[in-house]
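Visitor: Dropping in my_file-v4.cif, with mmCIF, C-alpha atoms.
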data_upload
#
loop_
_atom_site.group_PDB
_atom_site.id
_atom_site.type_symbol
_atom_site.label_atom_id
_atom_site.label_comp_id
_atom_site.auth_asym_id
_atom_site.auth_seq_id
_atom_site.Cartn_x
_atom_site.Cartn_y
_atom_site.Cartn_z
ATOM 1 C CA MET A 1 119.805 100.371 109.857
ATOM 2 C CA SER A 2 118.786 96.735 109.931
ATOM 3 C CA SER A 3 115.323 95.811 108.686
ATOM 4 C CA ASN A 4 114.847 93.925 111.965
ATOM 5 C CA HIS A 5 113.972 96.978 114.027
ATOM 6 C CA LYS A 6 111.906 100.113 113.758
ATOM 7 C CA ASP A 7 113.358 102.811 111.602
ATOM 8 C CA ILE A 8 112.345 106.411 112.339
ATOM 9 C CA ARG A 9 114.128 108.714 109.902
ATOM 10 C CA SER A 10 114.423 112.435 109.449
ATOM 11 C CA TYR A 11 114.073 113.647 105.887
ATOM 12 C CA GLN A 12 115.106 117.083 104.637
ATOM 13 C CA GLY A 13 115.529 118.181 108.265
ATOM 14 C CA ILE A 14 112.042 117.064 109.353
ATOM 15 C CA THR A 15 111.785 114.321 111.971
ATOM 16 C CA PRO A 16 108.626 112.277 112.631
ATOM 17 C CA GLN A 17 106.776 113.420 115.736
ATOM 18 C CA LEU A 18 105.254 110.739 117.959
ATOM 19 C CA GLY A 19 102.588 111.380 120.591
ATOM 20 C CA GLU A 20 102.371 109.713 123.981
ATOM 21 C CA ARG A 21 102.191 105.907 124.231
ATOM 22 C CA VAL A 22 102.757 105.361 120.502
ATOM 23 C CA PHE A 23 103.647 101.804 119.498
ATOM 24 C CA VAL A 24 105.936 101.467 116.477
ATOM 25 C CA ASP A 25 106.723 97.854 115.641
ATOM 26 C CA ARG A 26 110.428 97.232 115.205
ATOM 27 C CA SER A 27 109.919 96.114 111.588
ATOM 28 C CA SER A 28 108.205 99.321 110.456
ATOM 29 C CA VAL A 29 109.552 102.523 108.875
ATOM 30 C CA ILE A 30 108.457 106.127 109.466
ATOM 31 C CA ILE A 31 110.063 108.874 107.379
ATOM 32 C CA GLY A 32 109.967 112.665 107.511
ATOM 33 C CA ASP A 33 106.929 114.889 107.944
ATOM 34 C CA VAL A 34 104.717 112.531 110.001
ATOM 35 C CA ALA A 35 102.832 113.342 113.195
ATOM 36 C CA LEU A 36 101.209 110.500 115.140
ATOM 37 C CA GLY A 37 98.797 111.321 117.950
ATOM 38 C CA ASP A 38 98.596 109.691 121.357
ATOM 39 C CA ASP A 39 97.951 105.929 121.496
ATOM 40 C CA CYS A 40 98.564 105.376 117.770
ATOM 41 C CA SER A 41 99.965 102.042 116.675
ATOM 42 C CA VAL A 42 102.120 101.205 113.666
ATOM 43 C CA TRP A 43 102.072 97.473 113.007
ATOM 44 C CA PRO A 44 104.631 95.070 111.487
ATOM 45 C CA LEU A 45 106.091 95.983 108.103
ATOM 46 C CA ALA A 46 104.103 99.234 107.850
ATOM 47 C CA VAL A 47 105.718 102.128 106.012
ATOM 48 C CA ILE A 48 104.632 105.722 106.656
ATOM 49 C CA ARG A 49 106.379 108.063 104.232
ATOM 50 C CA GLY A 50 106.213 111.749 105.016
ATOM 51 C CA ASP A 51 108.774 112.517 102.318
ATOM 52 C CA MET A 52 106.354 112.908 99.438
ATOM 53 C CA HIS A 53 103.815 115.607 100.156
ATOM 54 C CA HIS A 54 106.038 118.648 99.898
ATOM 55 C CA ILE A 55 108.911 117.266 97.872
ATOM 56 C CA THR A 56 108.280 114.386 95.495
ATOM 57 C CA HIS A 57 104.638 114.830 94.492
ATOM 58 C CA ALA A 58 104.646 118.461 93.507
ATOM 59 C CA SER A 59 103.409 119.009 89.946
ATOM 60 C CA ASP A 60 101.956 121.706 87.714
ATOM 61 C CA TYR A 61 98.501 120.165 88.250
ATOM 62 C CA ASN A 62 98.719 120.245 92.040
ATOM 63 C CA PRO A 63 101.801 122.189 93.156
ATOM 64 C CA GLY A 64 101.126 121.657 96.875
ATOM 65 C CA GLY A 65 100.430 117.948 96.628
ATOM 66 C CA TYR A 66 98.018 116.217 98.987
ATOM 67 C CA PRO A 67 98.793 115.513 102.633
ATOM 68 C CA LEU A 68 97.631 112.324 104.322
ATOM 69 C CA ILE A 69 95.332 113.197 107.220
ATOM 70 C CA ILE A 70 93.828 110.508 109.450
ATOM 71 C CA GLY A 71 91.196 111.280 112.092
ATOM 72 C CA ASP A 72 90.473 109.668 115.460
ATOM 73 C CA ASP A 73 89.238 106.112 116.053
ATOM 74 C CA VAL A 74 90.308 104.955 112.582
ATOM 75 C CA THR A 75 91.144 101.293 111.971
ATOM 76 C CA ILE A 76 93.237 100.566 108.869
ATOM 77 C CA GLY A 77 93.382 96.959 107.685
ATOM 78 C CA HIS A 78 96.446 95.025 106.568
ATOM 79 C CA GLN A 79 97.991 96.001 103.229
ATOM 80 C CA ALA A 80 95.717 99.030 102.805
ATOM 81 C CA MET A 81 97.285 101.967 100.967
ATOM 82 C CA LEU A 82 96.352 105.534 101.825
ATOM 83 C CA HIS A 83 97.884 108.041 99.439
ATOM 84 C CA GLY A 84 97.409 111.779 99.880
ATOM 85 C CA CYS A 85 93.835 111.494 101.167
ATOM 86 C CA THR A 86 91.793 112.693 104.122
ATOM 87 C CA ILE A 87 90.198 110.170 106.475
ATOM 88 C CA GLY A 88 87.586 111.403 108.956
ATOM 89 C CA ASN A 89 86.831 110.094 112.443
ATOM 90 C CA ARG A 90 85.447 106.633 113.256
ATOM 91 C CA VAL A 91 86.313 104.996 109.940
ATOM 92 C CA LEU A 92 87.071 101.367 109.118
ATOM 93 C CA ILE A 93 89.320 100.829 106.098
ATOM 94 C CA GLY A 94 89.320 97.208 104.984
ATOM 95 C CA MET A 95 92.310 95.061 104.098
ATOM 96 C CA LYS A 96 93.979 95.698 100.732
ATOM 97 C CA SER A 97 91.831 98.741 100.036
ATOM 98 C CA MET A 98 93.354 101.752 98.284
ATOM 99 C CA ILE A 99 92.402 105.389 98.800
ATOM 100 C CA MET A 100 93.977 107.775 96.301
ATOM 101 C CA ASP A 101 95.073 111.422 96.090
ATOM 102 C CA GLY A 102 92.565 114.057 97.111
ATOM 103 C CA ALA A 103 89.895 111.550 98.160
ATOM 104 C CA ILE A 104 87.924 112.414 101.278
ATOM 105 C CA VAL A 105 86.389 109.780 103.532
ATOM 106 C CA GLU A 106 83.948 111.532 105.838
ATOM 107 C CA ASP A 107 83.235 110.441 109.437
ATOM 108 C CA GLU A 108 81.661 107.032 110.150
ATOM 109 C CA VAL A 109 82.358 105.251 106.877
ATOM 110 C CA ILE A 110 83.296 101.653 106.119
ATOM 111 C CA VAL A 111 85.534 101.064 103.116
ATOM 112 C CA ALA A 112 85.261 97.353 102.315
ATOM 113 C CA ALA A 113 88.279 95.105 101.863
ATOM 114 C CA GLY A 114 89.809 95.465 98.406
ATOM 115 C CA ALA A 115 87.905 98.646 97.526
ATOM 116 C CA THR A 116 89.594 101.352 95.454
ATOM 117 C CA VAL A 117 88.618 104.957 96.109
ATOM 118 C CA SER A 118 89.378 107.060 93.028
ATOM 119 C CA PRO A 119 91.306 110.345 93.220
ATOM 120 C CA GLY A 120 89.147 113.224 94.440
ATOM 121 C CA LYS A 121 86.121 111.073 95.346
ATOM 122 C CA VAL A 122 84.164 111.960 98.492
ATOM 123 C CA LEU A 123 82.697 109.108 100.548
ATOM 124 C CA GLU A 124 79.619 110.343 102.393
ATOM 125 C CA SER A 125 79.280 109.782 106.138
ATOM 126 C CA GLY A 126 77.195 106.846 107.296
ATOM 127 C CA PHE A 127 77.670 104.418 104.402
ATOM 128 C CA LEU A 128 79.487 101.248 103.361
ATOM 129 C CA TYR A 129 81.497 101.504 100.123
ATOM 130 C CA MET A 130 82.635 98.490 98.099
ATOM 131 C CA GLY A 131 84.261 97.695 94.778
ATOM 132 C CA THR A 132 86.682 99.100 92.246
ATOM 133 C CA PRO A 133 85.939 101.901 91.894
ATOM 134 C CA ALA A 134 84.291 102.155 95.304
ATOM 135 C CA LYS A 135 80.533 102.676 95.207
ATOM 136 C CA LYS A 136 78.017 103.417 97.963
ATOM 137 C CA VAL A 137 76.321 100.095 98.804
ATOM 138 C CA ARG A 138 74.123 100.774 101.831
ATOM 139 C CA ALA A 139 73.781 102.699 105.075
ATOM 140 C CA ILE A 140 75.856 101.329 107.929
ATOM 141 C CA THR A 141 73.969 99.623 110.740
ATOM 142 C CA ASP A 142 73.883 100.676 114.388
ATOM 143 C CA LYS A 143 75.949 97.590 115.226
ATOM 144 C CA GLU A 144 78.598 98.599 112.672
ATOM 145 C CA ARG A 145 78.545 102.170 113.972
ATOM 146 C CA SER A 146 79.267 100.913 117.508
ATOM 147 C CA PHE A 147 82.282 98.987 116.202
ATOM 148 C CA PHE A 148 84.264 102.123 115.257
ATOM 149 C CA THR A 149 85.240 103.096 118.810
ATOM 150 C CA TYR A 150 85.255 99.474 120.025
ATOM 151 C CA GLY A 151 87.671 98.397 117.272
ATOM 152 C CA ALA A 152 89.960 101.392 117.761
ATOM 153 C CA GLY A 153 89.964 100.855 121.543
ATOM 154 C CA ASN A 154 90.775 97.201 121.041
ATOM 155 C CA TYR A 155 93.849 98.188 119.033
ATOM 156 C CA VAL A 156 94.947 100.543 121.829
ATOM 157 C CA ARG A 157 94.737 97.640 124.296
ATOM 158 C CA LEU A 158 96.614 95.345 121.888
ATOM 159 C CA LYS A 159 99.233 98.044 121.298
ATOM 160 C CA ASP A 160 99.807 98.309 125.049
ATOM 161 C CA LYS A 161 100.406 94.544 125.264
ATOM 162 C CA HIS A 162 102.924 94.695 122.412
ATOM 163 C CA MET A 163 104.755 97.593 124.063
ATOM 164 C CA ALA A 164 104.844 95.723 127.383
ATOM 165 C CA ALA A 165 106.367 92.743 125.550
ATOM 166 C CA GLY A 166 109.028 95.002 124.011
ATOM 167 C CA TYR A 167 108.024 94.534 120.370
ATOM 168 C CA ASP A 168 108.776 98.184 119.755
ATOM 169 C CA GLN A 169 112.410 97.670 120.853
ATOM 170 C CA PRO A 170 115.312 96.548 118.630
ATOM 171 C CA PHE A 171 116.201 92.864 118.705
#
Is it possible to give me this structure as structure tokens?

Guide:
Amino acid sequence: MSSNHKDIRSYQGITPQLGERVFVDRSSVIIGDVALGDDCSVWPLAVIRGDMHHITHASDYNPGGYPLIIGDDVTIGHQAMLHGCTIGNRVLIGMKSMIMDGAIVEDEVIVAAGATVSPGKVLESGFLYMGTPAKKVRAITDKERSFFTYGAGNYVRLKDKHMAAGYDQPF
């Protein structure tokens, strides 16, 4: 398939499952064991690989691997990498941040731009984390807490505009 349109691929007999009103930009790729809920959006040049959890990442240390689980009202910044981790609800993940295998980000957390969350680390609900490795900096403010659902809702509205303009369709 051309890199100029969305690419949704089955892998090992498993096809990505998309909820209602999902926007997948035509330049993105989704592979294998991926389930996206209603009103999700996958933005330009994003790659979501569901080929690794059960197949490629098995090892003697962790035979089952780690799935990637993302909760509701989560905003993920540009160039962020989420790898075999669990993200709670109402979370903001900053640009170019990295969250590694087995890490857990509880509900209502901000991961600052460029932060690296080490494998297996748990980020406690209600705090801002910054740095490499990510460290708890301070409690989030009420204003920041209100942004979680506002920001996610804003992306739903933006996604709808992109779908109406046909940016999810091949060239």

Visitor: Spell out the residues picked by the PyMOL selection byres ((chain A and resi 79) around 10) here, as a ChimeraX atom specification.

Guide: /A:45-46,76-78,80-82,94-98,113-114

Visitor: What's the separation between CA of Gly13 in chain A and CA of Asp38 in chain A, in Å to one decimal place?

Guide: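 Going from CA of Gly13 in chain A over to CA of Asp38 in chain A, I get 23.0 Å.
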
Visitor: Counting only C-alpha atoms, which residues sit no farther than 8 Å from the position (90.5, 102.9, 113.4) in the file's frame? I'd like them as a PyMOL selection string.

Guide: chain A and resi 72-76+90-93+148-149+151-152

Visitor: Pick out the residues sitting within 10 Å of Arg21 in chain A, and hand them over as a tab-separated table (two decimals) with C-alpha atoms, in the coordinates of the input; count all atoms listed in the file, and ignore anything fewer than 4 positions along from it in its own chain.

Guide:
chain	number	residue	atom	x	y	z
A	37	GLY	CA	98.80	111.32	117.95
A	38	ASP	CA	98.60	109.69	121.36
A	39	ASP	CA	97.95	105.93	121.50
A	40	CYS	CA	98.56	105.38	117.77
A	41	SER	CA	99.96	102.04	116.68
A	156	VAL	CA	94.95	100.54	121.83
A	159	LYS	CA	99.23	98.04	121.30
A	160	ASP	CA	99.81	98.31	125.05
A	163	MET	CA	104.76	97.59	124.06

Visitor: Which residue, A:Ser27, A:Val42, A:Gly153, A:Asp51, has the smallest gap to Gln12 in chain A when you use only C-alpha atoms?

Guide: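 Looking at the shortest contact to Gln12 in chain A, the residue is A:Asp51.
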
Visitor: With only C-alpha atoms as the counted atoms, please give the residues lying no more than 6 Å from Ile140 in chain A, apart from itself and same-chain residues fewer than 6 positions off, as a PyMOL selection string.

Guide: chain A and resi 126-128

Visitor: Got a sec to resolve the PyMOL selection byres ((chain A and resi 15) around 12) on this structure and send the residues as a compact mmCIF listing (two decimals) with C-alpha atoms, keeping the file's coordinate frame?

Guide:
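Listing of part_23.txt after writing:
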# COMPACT_ATOMS: atom_id res chain seq x y z
CA ASP A 7 113.36 102.81 111.60
CA ILE A 8 112.34 106.41 112.34
CA ARG A 9 114.13 108.71 109.90
CA SER A 10 114.42 112.44 109.45
CA TYR A 11 114.07 113.65 105.89
CA GLN A 12 115.11 117.08 104.64
CA GLY A 13 115.53 118.18 108.26
CA ILE A 14 112.04 117.06 109.35
CA PRO A 16 108.63 112.28 112.63
CA GLN A 17 106.78 113.42 115.74
CA LEU A 18 105.25 110.74 117.96
CA ILE A 30 108.46 106.13 109.47
CA ILE A 31 110.06 108.87 107.38
CA GLY A 32 109.97 112.66 107.51
CA ASP A 33 106.93 114.89 107.94
CA VAL A 34 104.72 112.53 110.00
CA ALA A 35 102.83 113.34 113.20
CA LEU A 36 101.21 110.50 115.14
CA ARG A 49 106.38 108.06 104.23
CA GLY A 50 106.21 111.75 105.02
CA ASP A 51 108.77 112.52 102.32

Visitor: Starting from the displayed file, determine the output of the PyMOL selection byres ((chain A and resi 83) around 10) and express the residue list as a PyMOL selection string.

Guide: chain A and resi 49+52-53+66-69+80-82+84-86+98-103+119
